[in-house]
Protein chains: 2
Amino acid sequence: MPRGGATAQKSGEEPQDQIRPLADVSALPRSNGGRTRQLNEDRILRAAEAVFAEAGFNGTTMQAIAEAARLPKANLHYYFGTKEGLYRALLNRVLDGWVDAFDHFQPDREPADAFADYVRDKMRFTRQRPMASKVFANEIIHGAQHVSHYLKTKLRDRVDEKAVVIADWVKSGKMASVDPHHLFFSLWAVTQTYADFDVQVAAVLAKPKLGREDLDDATNHILRLVLRTCGLPETRPETGPETGPETGIEHHT
Amino acid sequence: MPRGGATAQKSGEEPQDQIRPLADVSALPRSNGGRTRQLNEDRILRAAEAVFAEAGFNGTTMQAIAEAARLPKANLHYYFGTKEGLYRALLNRVLDGWVDAFDHFQPDREPADAFADYVRDKMRFTRQRPMASKVFANEIIHGAQHVSHYLKTKLRDRVDEKAVVIADWVKSGKMASVDPHHLFFSLWAVTQTYADFDVQVAAVLAKPKLGREDLDDATNHILRLVLRTCGLPETRPETGPETGPETGIEHHT
DNA sequence: GTCTATACATAGATAGAC
DNA sequence: GTCTATCTATGTATAGAC
């Protein structure tokens with residue numbers, strides 16, 4: 001992950017990825033080198049992810065996060081200052097893993113493999129961190145007030161860079177003609193919809209909630225969709241070894 | 001009611017045989033049969049759609065809606081009772097137009113035409129009512145507290161019904177094998193992403209905001225994606241006869 | 001470092017004049 | 001039917017005891 005140039009922002013913005021230097025406090029009776037701080041911050045961030053995802057920024061109260069983290073409310077203010085500070089720390093954490101998945105698009109790779117790996121990565125994230133996806137989606141829907149700079153710089157640059165790779169694949173006849181930018185929008189949409197709109201998907205599928213099998217079905221469907229869109233040969237489905245390869249339309253309702 | 005001796009009227013129902021001295025119509029100078037009510041409710045709902053979309057349910061204040069509608073805050077409570085009442089009225093309004101688009105999937109139609117019409121309908125909605133889409137997306141992301149019943153009944157039934165149509169198309173060899181339910185999820189995702197996540201799309205495309213041309217590009221991309229996924233012949237693009245490529249990556253077929 | 005008690009602001013809702 | 005003034009609840013944030 002290349003660390004971009006330090007975009008000097010005024011208002012109390014702090015780089016989240018280096019909380020290394022500590023040892024600043026004067027009296028630390030039994031200081032364990034900021035270990036409790038590390039643990040508590042992580043505990044708070046995990047609680048915050050769930051609460052912010054469920055209620056949105058304004059719907060979230062510090063009280064609710066405190067209860068989810070089983071810590072007193074004032075503790076959150078001690079560690080993160082303000083509610084917005086906590087929210088930004090959480091967003092930074094989520095965004096960190098967002099751009100890395102692009103690494104699959106290397107010019108010398110087989111397009112089919114690159115797309116398959118990318119989709120599987122995104123769906124893995126959807127399965128493992130659905131709350132994180134919701135926090136991010138909520139932030140974008142409401143205008144991306146806190147991440148617009150990131151979108152216009154780091155994300156855009158990264159997408160443009162990989163759009164060239166895909167355009168080259170098209171030019172060299174390795175895949176069908178597709179608009180690379182809109183292809184990315186589609187990839188994000190079809191994968192993240194299973195995290196962000198999970199209750200809608202579950203409701204339509206008549207399930208109480210989405211299970212592992214549902215997300216495997218979804219992954220296979222998306223792989224087909226992407227490979228066919230790009231005119232690439234379809235690979236084997238994701239499902240386990242015991243169940244035979246299924247290519248037909250199977251849905252359990 | 002300025003008339004003296006006002007009997008305590010609890011509910012809206014009142015005995016008919018009771019003589020009521022209501023000849024006094026001072027409070028109704030020129031009653032237009034609820035016409036002003038109709039107008040004001042519509043005015044409030046339009047304002048509410050914009051504010052709820054931007055701030056979410058909890059982030060929205062009745063004050064903000066009142067200012068957007070240029071009406072006193074108490075007026076909203078007079079017409080809709082509570083904030084939640086107003087929100088539900090708004091959601092119902094949005095959902096009304098949501099299910100109708102399914103009508104394009106008729107068994108005797110050509111699949112390619114049905115999908116193309118459906119996609120164009122959804123994208124038209126995305127262009128004309130992006131705020132409505134955001135309100136709905138926000139509601140789903142946060143657990144669909146107010147619409148879960150609708151999702152599990154009306155929407156599910158409608159999707160199941162149309163999934164059969166698509167499954168029949170597959171069986172009769174009219175289109176490639178695709179899971180109908182997941183295909184719908186994908187259709188919703190790729191179309192609504194241009195309304196819900198418009199700021200992200202605009203940021204990546206280096207545009208201040210999404211324009212008509214961007215959405216035309218998106219529509220053409222989605223049409224290609226859907227038709228290829230379903231193994232259907234690609235129809236002509238949406239745009240006019242002579243449109244130049246936008247970013248140089250576009251290819252005409 | 002931790003947490004109780006509280007200050008201060010703003011929200012939703014309504015009473016009552018017009 | 002309309003709107004001003006106000007009540008009450010709740011939220012963020014912090015001061016200060018431990």
# chains A, B, ... in the order shown; residues from 1 in each chain; ligands from 1

$ select_by_dssp --residues "stretch 44-177 of chain A" --states "alpha helix (DSSP H)" --output "count of residues only"
99

$ residues_around --residues "C:DT10" --least-positions-apart "2" --cutoff "12 Å" --atoms "only C-alpha atoms (C1' of nucleotides)" --output "list of chain:residue names"
B:Thr61, B:Met62, B:Gln63, C:DC8, C:DG12, D:DA9, D:DT10, D:DG11, D:DT12

$ write_last_selection --atoms "C-alpha atoms (C1' of nucleotides)" --output "mmCIF file, in the first residue's frame"
data_model
loop_
_atom_site.group_PDB
_atom_site.id
_atom_site.type_symbol
_atom_site.label_atom_id
_atom_site.label_comp_id
_atom_site.auth_asym_id
_atom_site.auth_seq_id
_atom_site.Cartn_x
_atom_site.Cartn_y
_atom_site.Cartn_z
ATOM 1 C CA THR B 61 -35.222 17.316 11.663
ATOM 2 C CA MET B 62 -38.786 18.427 11.213
ATOM 3 C CA GLN B 63 -37.372 21.924 11.243
ATOM 4 C "C1'" DC C 8 -25.665 23.040 27.551
ATOM 5 C "C1'" DG C 12 -40.087 16.284 18.615
ATOM 6 C "C1'" DA D 9 -36.850 14.423 26.500
ATOM 7 C "C1'" DT D 10 -32.499 13.294 24.918
ATOM 8 C "C1'" DG D 11 -27.991 14.016 22.990
ATOM 9 C "C1'" DT D 12 -22.965 15.558 23.128
#

$ interface_residues --of "chain C" --to "chain B" --cutoff "12 Å" --atoms "only C-alpha atoms (C1' of nucleotides)" --output "PyMOL selection string"
chain C and resi 10-18

$ closest_atom_pairs --of "chain A" --to "chain B" --cutoff "8 Å" --atoms "only C-alpha atoms" --output "Markdown table"
| residue | atom | partner | partner_atom | distance |
| --- | --- | --- | --- | --- |
| A:Ala53 | CA | B:His142 | CA | 7.0 |
| A:Glu54 | CA | B:His142 | CA | 4.9 |
| A:Ala55 | CA | B:His142 | CA | 6.0 |
| A:Gly56 | CA | B:His142 | CA | 7.4 |
| A:Phe57 | CA | B:Gly59 | CA | 7.7 |
| A:Asn58 | CA | B:Gly59 | CA | 4.8 |
| A:Gly59 | CA | B:Asn58 | CA | 4.8 |
| A:Lys134 | CA | B:Ile141 | CA | 6.6 |
| A:Ala137 | CA | B:Phe197 | CA | 7.7 |
| A:Asn138 | CA | B:Asn138 | CA | 7.0 |
| A:Ile140 | CA | B:Phe197 | CA | 5.9 |
| A:Ile141 | CA | B:Asp196 | CA | 5.4 |
| A:His142 | CA | B:Glu54 | CA | 5.0 |
| A:Gly143 | CA | B:Val199 | CA | 6.4 |
| A:Ala144 | CA | B:Val199 | CA | 7.1 |
| A:Ser148 | CA | B:Ala203 | CA | 7.6 |
| A:Leu151 | CA | B:Ala203 | CA | 5.9 |
| A:Lys152 | CA | B:Ala203 | CA | 5.0 |
| A:Leu155 | CA | B:Val204 | CA | 7.0 |
| A:Arg156 | CA | B:Val204 | CA | 4.6 |
| A:Val159 | CA | B:Val204 | CA | 7.3 |
| A:Ala167 | CA | B:Ile249 | CA | 6.7 |
| A:Ser177 | CA | B:His251 | CA | 6.6 |
| A:Val178 | CA | B:His221 | CA | 7.3 |
| A:Asp179 | CA | B:Glu250 | CA | 6.0 |
| A:Pro180 | CA | B:Ile249 | CA | 7.7 |
| A:His181 | CA | B:Leu205 | CA | 7.7 |
| A:His182 | CA | B:Ala218 | CA | 6.5 |
| A:Leu183 | CA | B:His221 | CA | 7.8 |
| A:Phe185 | CA | B:Val201 | CA | 7.2 |
| A:Ser186 | CA | B:Val190 | CA | 5.3 |
| A:Ala189 | CA | B:Ala189 | CA | 5.2 |
| A:Val190 | CA | B:Ser186 | CA | 5.3 |
| A:Thr193 | CA | B:Ala189 | CA | 6.1 |
| A:Asp196 | CA | B:Ile141 | CA | 5.4 |
| A:Phe197 | CA | B:Ile141 | CA | 5.5 |
| A:Asp198 | CA | B:Ile141 | CA | 7.8 |
| A:Val199 | CA | B:Gly143 | CA | 6.3 |
| A:Gln200 | CA | B:Leu151 | CA | 6.6 |
| A:Val201 | CA | B:Phe185 | CA | 7.2 |
| A:Ala203 | CA | B:Lys152 | CA | 5.1 |
| A:Val204 | CA | B:Arg156 | CA | 4.6 |
| A:Leu205 | CA | B:Arg156 | CA | 7.5 |
| A:Ala206 | CA | B:Lys152 | CA | 7.1 |
| A:Ala218 | CA | B:His182 | CA | 6.5 |
| A:His221 | CA | B:His182 | CA | 6.8 |
| A:Arg224 | CA | B:Thr229 | CA | 7.2 |
| A:Leu225 | CA | B:Thr229 | CA | 5.1 |
| A:Val226 | CA | B:Thr229 | CA | 7.7 |
| A:Arg228 | CA | B:Thr229 | CA | 5.3 |
| A:Thr229 | CA | B:Leu225 | CA | 5.1 |
| A:Thr247 | CA | B:Ser177 | CA | 7.5 |
| A:Gly248 | CA | B:Ser177 | CA | 6.0 |
| A:Ile249 | CA | B:Asp179 | CA | 4.8 |
| A:Glu250 | CA | B:Asp179 | CA | 6.4 |
| A:His251 | CA | B:Asp179 | CA | 6.9 |

$ write_last_selection --atoms "C-alpha atoms" --output "mmCIF file, in the first residue's frame"
data_model
loop_
_atom_site.group_PDB
_atom_site.id
_atom_site.type_symbol
_atom_site.label_atom_id
_atom_site.label_comp_id
_atom_site.auth_asym_id
_atom_site.auth_seq_id
_atom_site.Cartn_x
_atom_site.Cartn_y
_atom_site.Cartn_z
ATOM 1 C CA ALA A 53 -24.108 0.419 10.498
ATOM 2 C CA GLU A 54 -27.473 -0.117 12.073
ATOM 3 C CA ALA A 55 -28.417 3.451 12.906
ATOM 4 C CA GLY A 56 -26.334 5.706 10.677
ATOM 5 C CA PHE A 57 -24.243 8.584 11.934
ATOM 6 C CA ASN A 58 -26.995 10.748 13.345
ATOM 7 C CA GLY A 59 -29.009 7.820 14.620
ATOM 8 C CA LYS A 134 -22.946 -0.689 5.493
ATOM 9 C CA ALA A 137 -22.523 2.751 1.974
ATOM 10 C CA ASN A 138 -24.309 4.987 4.413
ATOM 11 C CA ILE A 140 -21.657 7.632 0.426
ATOM 12 C CA ILE A 141 -25.435 7.836 0.224
ATOM 13 C CA HIS A 142 -25.454 10.856 2.456
ATOM 14 C CA GLY A 143 -22.984 12.773 0.368
ATOM 15 C CA ALA A 144 -19.621 11.311 1.419
ATOM 16 C CA SER A 148 -15.057 12.833 -0.586
ATOM 17 C CA LEU A 151 -12.769 9.342 -3.417
ATOM 18 C CA LYS A 152 -11.493 12.136 -5.652
ATOM 19 C CA LEU A 155 -9.743 5.901 -5.251
ATOM 20 C CA ARG A 156 -10.023 7.733 -8.568
ATOM 21 C CA VAL A 159 -9.504 3.068 -10.665
ATOM 22 C CA ALA A 167 -8.729 -1.293 -21.710
ATOM 23 C CA SER A 177 -15.455 -4.591 -25.245
ATOM 24 C CA VAL A 178 -16.592 -3.133 -21.934
ATOM 25 C CA ASP A 179 -16.356 0.342 -20.429
ATOM 26 C CA PRO A 180 -13.822 -0.236 -17.629
ATOM 27 C CA HIS A 181 -15.124 2.462 -15.295
ATOM 28 C CA HIS A 182 -18.724 1.369 -15.510
ATOM 29 C CA LEU A 183 -17.583 -2.221 -15.164
ATOM 30 C CA PHE A 185 -19.254 0.397 -10.713
ATOM 31 C CA SER A 186 -21.145 -2.768 -11.601
ATOM 32 C CA ALA A 189 -22.752 -2.782 -6.903
ATOM 33 C CA VAL A 190 -23.427 -6.484 -7.395
ATOM 34 C CA THR A 193 -25.592 -5.316 -2.472
ATOM 35 C CA ASP A 196 -25.775 -3.411 2.264
ATOM 36 C CA PHE A 197 -29.207 -4.698 1.276
ATOM 37 C CA ASP A 198 -28.973 -8.081 2.964
ATOM 38 C CA VAL A 199 -32.363 -7.773 4.610
ATOM 39 C CA GLN A 200 -34.010 -7.178 1.255
ATOM 40 C CA VAL A 201 -32.231 -10.126 -0.334
ATOM 41 C CA ALA A 203 -36.732 -11.194 2.533
ATOM 42 C CA VAL A 204 -37.086 -12.027 -1.153
ATOM 43 C CA LEU A 205 -35.352 -15.384 -0.701
ATOM 44 C CA ALA A 206 -37.685 -16.142 2.227
ATOM 45 C CA ALA A 218 -24.507 -15.172 -5.071
ATOM 46 C CA HIS A 221 -23.997 -15.926 -10.042
ATOM 47 C CA ARG A 224 -21.054 -15.921 -14.339
ATOM 48 C CA LEU A 225 -22.352 -12.409 -14.824
ATOM 49 C CA VAL A 226 -18.913 -10.832 -14.922
ATOM 50 C CA ARG A 228 -20.104 -13.439 -19.621
ATOM 51 C CA THR A 229 -20.093 -9.655 -19.694
ATOM 52 C CA THR A 247 -24.654 -25.032 -13.870
ATOM 53 C CA GLY A 248 -28.405 -24.976 -14.025
ATOM 54 C CA ILE A 249 -30.673 -22.507 -12.328
ATOM 55 C CA GLU A 250 -30.962 -23.578 -8.768
ATOM 56 C CA HIS A 251 -32.696 -21.578 -6.105
#

$ closest_atom_pairs --of "chain D" --to "chain B" --cutoff "12 Å" --atoms "only C-alpha atoms (C1' of nucleotides)" --output "Markdown table"
| residue | atom | partner | partner_atom | distance |
| --- | --- | --- | --- | --- |
| D:DG1 | C1' | B:Ala27 | CA | 7.6 |
| D:DT2 | C1' | B:Asn75 | CA | 7.4 |
| D:DC3 | C1' | B:Pro72 | CA | 6.5 |
| D:DT4 | C1' | B:Ala74 | CA | 9.5 |
| D:DA5 | C1' | B:Ala74 | CA | 11.5 |

$ atom_distance --atom1 "atom CA of A:Glu67" --atom2 "atom CA of A:Asp42"
14.8 Å

$ atom_distance --atom1 "atom CA of A:Leu210" --atom2 "atom CA of A:Ala132"
16.4 Å

$ residues_around --residues "A:Ile44" --least-positions-apart "2" --cutoff "9 Å" --atoms "only C-alpha atoms (C1' of nucleotides)" --output "PyMOL selection string"
chain A and resi 39-42+46-49+65-66+68-71+76+86

$ write_last_selection --atoms "all heavy atoms" --output "short mmCIF file (atom, residue, chain, number, x, y, z; two decimals), in the first residue's frame"
data_model
loop_
_atom_site.label_atom_id
_atom_site.label_comp_id
_atom_site.auth_asym_id
_atom_site.auth_seq_id
_atom_site.Cartn_x
_atom_site.Cartn_y
_atom_site.Cartn_z
N LEU A 39 -6.21 -2.09 23.12
CA LEU A 39 -7.33 -3.01 23.29
C LEU A 39 -8.66 -2.28 23.36
O LEU A 39 -9.64 -2.69 22.72
CB LEU A 39 -7.13 -3.86 24.55
CG LEU A 39 -6.72 -5.32 24.32
CD1 LEU A 39 -5.28 -5.39 23.86
CD2 LEU A 39 -6.94 -6.14 25.57
N ASN A 40 -8.70 -1.21 24.15
CA ASN A 40 -9.95 -0.48 24.32
C ASN A 40 -10.38 0.19 23.02
O ASN A 40 -11.56 0.19 22.67
CB ASN A 40 -9.81 0.54 25.43
CG ASN A 40 -9.98 -0.09 26.80
OD1 ASN A 40 -10.60 -1.14 26.94
ND2 ASN A 40 -9.43 0.55 27.81
N GLU A 41 -9.41 0.76 22.31
CA GLU A 41 -9.76 1.42 21.05
C GLU A 41 -10.34 0.40 20.07
O GLU A 41 -11.33 0.68 19.40
CB GLU A 41 -8.51 2.08 20.44
CG GLU A 41 -8.14 3.39 21.12
CD GLU A 41 -6.99 4.08 20.44
OE1 GLU A 41 -6.38 3.47 19.53
OE2 GLU A 41 -6.68 5.23 20.81
N ASP A 42 -9.73 -0.76 20.02
CA ASP A 42 -10.24 -1.78 19.11
C ASP A 42 -11.63 -2.23 19.54
O ASP A 42 -12.53 -2.39 18.71
CB ASP A 42 -9.29 -2.98 19.11
CG ASP A 42 -9.65 -3.97 18.01
OD1 ASP A 42 -9.46 -3.62 16.84
OD2 ASP A 42 -10.14 -5.07 18.34
N ARG A 46 -14.93 -1.76 17.16
CA ARG A 46 -15.77 -2.89 16.74
C ARG A 46 -17.22 -2.64 17.11
O ARG A 46 -18.14 -2.92 16.34
CB ARG A 46 -15.26 -4.19 17.36
CG ARG A 46 -14.30 -4.95 16.45
CD ARG A 46 -13.94 -6.31 16.99
NE ARG A 46 -13.20 -6.22 18.25
CZ ARG A 46 -13.56 -6.81 19.38
NH1 ARG A 46 -14.65 -7.54 19.40
NH2 ARG A 46 -12.85 -6.67 20.47
N ALA A 47 -17.43 -2.12 18.32
CA ALA A 47 -18.80 -1.80 18.73
C ALA A 47 -19.38 -0.69 17.84
O ALA A 47 -20.54 -0.76 17.42
CB ALA A 47 -18.80 -1.36 20.20
N ALA A 48 -18.54 0.31 17.56
CA ALA A 48 -19.01 1.44 16.76
C ALA A 48 -19.42 0.99 15.37
O ALA A 48 -20.40 1.48 14.81
CB ALA A 48 -17.92 2.50 16.67
N GLU A 49 -18.67 0.05 14.80
CA GLU A 49 -18.99 -0.43 13.46
C GLU A 49 -20.41 -1.00 13.40
O GLU A 49 -21.18 -0.71 12.49
CB GLU A 49 -17.99 -1.50 13.05
CG GLU A 49 -18.13 -1.98 11.62
CD GLU A 49 -16.96 -2.86 11.21
OE1 GLU A 49 -15.82 -2.36 11.21
OE2 GLU A 49 -17.18 -4.04 10.91
N ILE A 65 -23.08 3.10 21.64
CA ILE A 65 -21.77 2.50 21.39
C ILE A 65 -21.14 2.07 22.71
O ILE A 65 -20.55 0.98 22.82
CB ILE A 65 -20.84 3.49 20.66
CG1 ILE A 65 -21.44 3.87 19.31
CG2 ILE A 65 -19.46 2.88 20.47
CD1 ILE A 65 -20.64 4.94 18.58
N ALA A 66 -21.26 2.92 23.71
CA ALA A 66 -20.68 2.61 25.02
C ALA A 66 -21.27 1.31 25.57
O ALA A 66 -20.54 0.45 26.07
CB ALA A 66 -20.93 3.76 25.99
N ALA A 68 -22.66 -1.11 23.82
CA ALA A 68 -22.22 -2.23 23.00
C ALA A 68 -20.79 -2.64 23.35
O ALA A 68 -20.44 -3.81 23.29
CB ALA A 68 -22.32 -1.86 21.52
N ALA A 69 -19.97 -1.66 23.69
CA ALA A 69 -18.58 -1.94 24.04
C ALA A 69 -18.43 -2.26 25.53
O ALA A 69 -17.34 -2.60 26.00
CB ALA A 69 -17.70 -0.76 23.68
N ARG A 70 -19.53 -2.13 26.28
CA ARG A 70 -19.52 -2.35 27.73
C ARG A 70 -18.47 -1.48 28.41
O ARG A 70 -17.68 -1.94 29.24
CB ARG A 70 -19.26 -3.83 28.04
CG ARG A 70 -20.41 -4.72 27.59
CD ARG A 70 -20.01 -6.18 27.63
NE ARG A 70 -21.13 -7.05 27.30
CZ ARG A 70 -22.05 -7.46 28.18
NH1 ARG A 70 -21.98 -7.07 29.44
NH2 ARG A 70 -23.03 -8.25 27.79
N LEU A 71 -18.53 -0.21 28.03
CA LEU A 71 -17.62 0.77 28.65
C LEU A 71 -18.44 2.02 28.98
O LEU A 71 -19.46 2.27 28.34
CB LEU A 71 -16.50 1.14 27.68
CG LEU A 71 -15.38 0.12 27.49
CD1 LEU A 71 -14.44 0.57 26.38
CD2 LEU A 71 -14.62 -0.09 28.78
N LEU A 76 -15.30 6.73 25.70
CA LEU A 76 -15.20 6.94 24.26
C LEU A 76 -14.65 8.33 23.97
O LEU A 76 -13.81 8.50 23.08
CB LEU A 76 -16.57 6.79 23.60
CG LEU A 76 -17.47 5.63 24.01
CD1 LEU A 76 -18.56 5.43 22.98
CD2 LEU A 76 -16.70 4.36 24.20
N LEU A 86 -14.46 9.58 16.35
CA LEU A 86 -14.63 8.13 16.36
C LEU A 86 -15.10 7.62 15.01
O LEU A 86 -14.61 6.61 14.49
CB LEU A 86 -15.63 7.75 17.47
CG LEU A 86 -16.10 6.29 17.52
CD1 LEU A 86 -14.93 5.34 17.60
CD2 LEU A 86 -17.02 6.09 18.72
#

$ residues_around --residues "stretch 105-113 of chain A" --least-positions-apart "5" --cutoff "9 Å" --atoms "only C-alpha atoms (C1' of nucleotides)" --output "ChimeraX atom specification"
/A:118,162,165-166,168-169,174-175,227,230,232-235
